[in-house]
Amino acid sequence: MNCTSKIASSARVVKAPAPRASARNVVARASANQDQVSRRASLGFLAGAAALGLNANPSLAAYGEAANVFGSKSGNFTGFTPYEGDGYSVLIPAKWNPSKEKDFPGTDLRYEDNFDAVNNLIVTINPTSKSKITDFGGQDAFLNEISYILGNSAVATGFESKSEGGFKANTIAAASILGTSVRKDKEGKEYYTYEILTRTADGDEGGRHQLIAATVSKGNLYIIKIQAGDKRWFKGAKTECLGAWESFTVV
């Protein structure tokens with residue numbers, strides 16, 4: 001045996017290593033995997049956000065004001081809560097609560113300010129033989145007929161008005177008419193409206209702002225009266241009272 005054969009028979013066979021993937025291919029696969037993970041994460045986030053949006057129904061407080069359970073701003077922030085009554089609708093200031101007091105005959109609705117009961121809203125419904133508000137005569141004549149709602153009750157009725165804190169029963173010191181008008185709703189129904197400032201004998205609160213609107217529908221006389229203390233009127237109550245007064249509509 002020659003030396004060449006001996007070397008060939010004793011030599012070990014070593015397998016060449018498999019060729020490695022190029023760095024470019026590795027980077028490309030890694031980038032593709034990352035893109036898939038990012039897309040899955042984005043889709044999961046969007047799905048979660050959509051689910052939260054569908055389930056996010058604001059909680060409402062018992063008396064109209066939007067609840068702020070966790071300190072976040074959610075719910076009704078218009079400042080008013082729509083109210084549908086017996087043949088009428090009105091926007092109630094959101095921070096006012098219902099009251100069971102019956103200030104006048106035919107009181108159907110009464111709300112008062114959470115912070116001060118001097119500010120309140122009353123709706124009365126009473127039967128009438130008139131077919132429209134102008135059948136009562138002019139605005140002055142009608143106001144004289146319903147003067148009891150200002151604290152000057154007709155003694156003959158036996159009804160005593162106690163709606164004005166600081167007033168003596170059935171009397172007021174002075175009432176100044178700041179404005180009157182006749183407005184029509186979308187159906188052409190006419191309303192007598194009044195803005196009046198009443199003052200008490202003791203000067204409490206500097207007086208009371210009274211907003212009144214009245215109309216006739218289906219054999220009933222509807223009256224809304226909204227009251228606010230003069231001092232509170234200029235501290236923000238004006239917006240609440242005017243909003244409710246102007247929204248009052250009878251069907």
# chains A, B, ... in the order shown; residues from 1 in each chain; ligands from 1
>>> residues_around(residues="range 124-141 of chain A", least_positions_apart="5", cutoff="8 Å", atoms="only C-alpha atoms", output="ChimeraX atom specification")
/A:104-109,180,190-192,214-224
>>> residues_around(residues="Asp230 in chain A", least_positions_apart="4", cutoff="8 Å", atoms="only C-alpha atoms", output="PDB file with all heavy atoms, in the first residue's frame")
ATOM      1  N   GLU A 205     -84.215  90.676  49.445  1.00  0.00           N
ATOM      2  CA  GLU A 205     -83.607  90.281  48.165  1.00  0.00           C
ATOM      3  C   GLU A 205     -83.638  91.393  47.123  1.00  0.00           C
ATOM      4  O   GLU A 205     -83.236  91.182  45.983  1.00  0.00           O
ATOM      5  CB  GLU A 205     -84.316  89.048  47.576  1.00  0.00           C
ATOM      6  CG  GLU A 205     -83.939  87.747  48.235  1.00  0.00           C
ATOM      7  CD  GLU A 205     -82.701  87.119  47.632  1.00  0.00           C
ATOM      8  OE1 GLU A 205     -82.332  87.477  46.503  1.00  0.00           O
ATOM      9  OE2 GLU A 205     -82.105  86.278  48.286  1.00  0.00           O
ATOM     10  N   GLY A 206     -84.143  92.545  47.473  1.00  0.00           N
ATOM     11  CA  GLY A 206     -84.264  93.604  46.476  1.00  0.00           C
ATOM     12  C   GLY A 206     -85.437  93.402  45.546  1.00  0.00           C
ATOM     13  O   GLY A 206     -85.629  94.134  44.581  1.00  0.00           O
ATOM     14  N   GLY A 207     -86.240  92.365  45.781  1.00  0.00           N
ATOM     15  CA  GLY A 207     -87.402  92.088  44.957  1.00  0.00           C
ATOM     16  C   GLY A 207     -87.300  90.737  44.273  1.00  0.00           C
ATOM     17  O   GLY A 207     -86.370  89.957  44.505  1.00  0.00           O
ATOM     18  N   ARG A 208     -88.293  90.456  43.440  1.00  0.00           N
ATOM     19  CA  ARG A 208     -88.359  89.177  42.725  1.00  0.00           C
ATOM     20  C   ARG A 208     -88.617  89.444  41.241  1.00  0.00           C
ATOM     21  O   ARG A 208     -89.522  90.198  40.885  1.00  0.00           O
ATOM     22  CB  ARG A 208     -89.503  88.292  43.257  1.00  0.00           C
ATOM     23  CG  ARG A 208     -89.474  87.996  44.748  1.00  0.00           C
ATOM     24  CD  ARG A 208     -88.450  86.926  45.065  1.00  0.00           C
ATOM     25  NE  ARG A 208     -88.626  86.435  46.420  1.00  0.00           N
ATOM     26  CZ  ARG A 208     -88.110  87.014  47.499  1.00  0.00           C
ATOM     27  NH1 ARG A 208     -87.434  88.141  47.383  1.00  0.00           N
ATOM     28  NH2 ARG A 208     -88.300  86.481  48.696  1.00  0.00           N
ATOM     29  N   HIS A 209     -87.846  88.817  40.394  1.00  0.00           N
ATOM     30  CA  HIS A 209     -88.136  88.829  38.966  1.00  0.00           C
ATOM     31  C   HIS A 209     -89.166  87.748  38.684  1.00  0.00           C
ATOM     32  O   HIS A 209     -89.005  86.594  39.081  1.00  0.00           O
ATOM     33  CB  HIS A 209     -86.865  88.576  38.157  1.00  0.00           C
ATOM     34  CG  HIS A 209     -86.004  89.782  38.022  1.00  0.00           C
ATOM     35  ND1 HIS A 209     -86.063  90.642  36.943  1.00  0.00           N
ATOM     36  CD2 HIS A 209     -85.068  90.292  38.858  1.00  0.00           C
ATOM     37  CE1 HIS A 209     -85.197  91.619  37.107  1.00  0.00           C
ATOM     38  NE2 HIS A 209     -84.574  91.433  38.266  1.00  0.00           N
ATOM     39  N   PHE A 234     -78.996  88.424  38.773  1.00  0.00           N
ATOM     40  CA  PHE A 234     -77.786  88.964  38.151  1.00  0.00           C
ATOM     41  C   PHE A 234     -76.547  88.119  38.453  1.00  0.00           C
ATOM     42  O   PHE A 234     -75.440  88.475  38.029  1.00  0.00           O
ATOM     43  CB  PHE A 234     -77.568  90.413  38.615  1.00  0.00           C
ATOM     44  CG  PHE A 234     -78.632  91.351  38.119  1.00  0.00           C
ATOM     45  CD1 PHE A 234     -79.614  91.823  38.976  1.00  0.00           C
ATOM     46  CD2 PHE A 234     -78.679  91.717  36.780  1.00  0.00           C
ATOM     47  CE1 PHE A 234     -80.607  92.679  38.517  1.00  0.00           C
ATOM     48  CE2 PHE A 234     -79.672  92.568  36.320  1.00  0.00           C
ATOM     49  CZ  PHE A 234     -80.635  93.060  37.183  1.00  0.00           C
TER      50      PHE A 234
END
>>> select_by_dssp(residues="range 77-160 of chain A", states="strand (DSSP E or B)", output="NGL selection string")
:A and (80-84 or 88-93 or 96-98 or 107-113 or 120-127)
>>> closest_residue(among="A:Phe142, A:Tyr88, A:Tyr111, A:Tyr148", to="Ser247 in chain A", atoms="only C-alpha atoms")
A:Tyr88
>>> atom_distance(atom1="CA of Asn144 in chain A", atom2="CA of Glu187 in chain A")
27.3 Å
>>> atom_distance(atom1="CA of Val90 in chain A", atom2="CA of Arg183 in chain A")
15.8 Å
>>> residues_around(residues="Lys238 in chain A", least_positions_apart="4", cutoff="10 Å", atoms="only C-alpha atoms", output="count of residues only")
10
>>> atom_distance(atom1="CA of Thr198 in chain A", atom2="CA of Ser176 in chain A")
6.2 Å
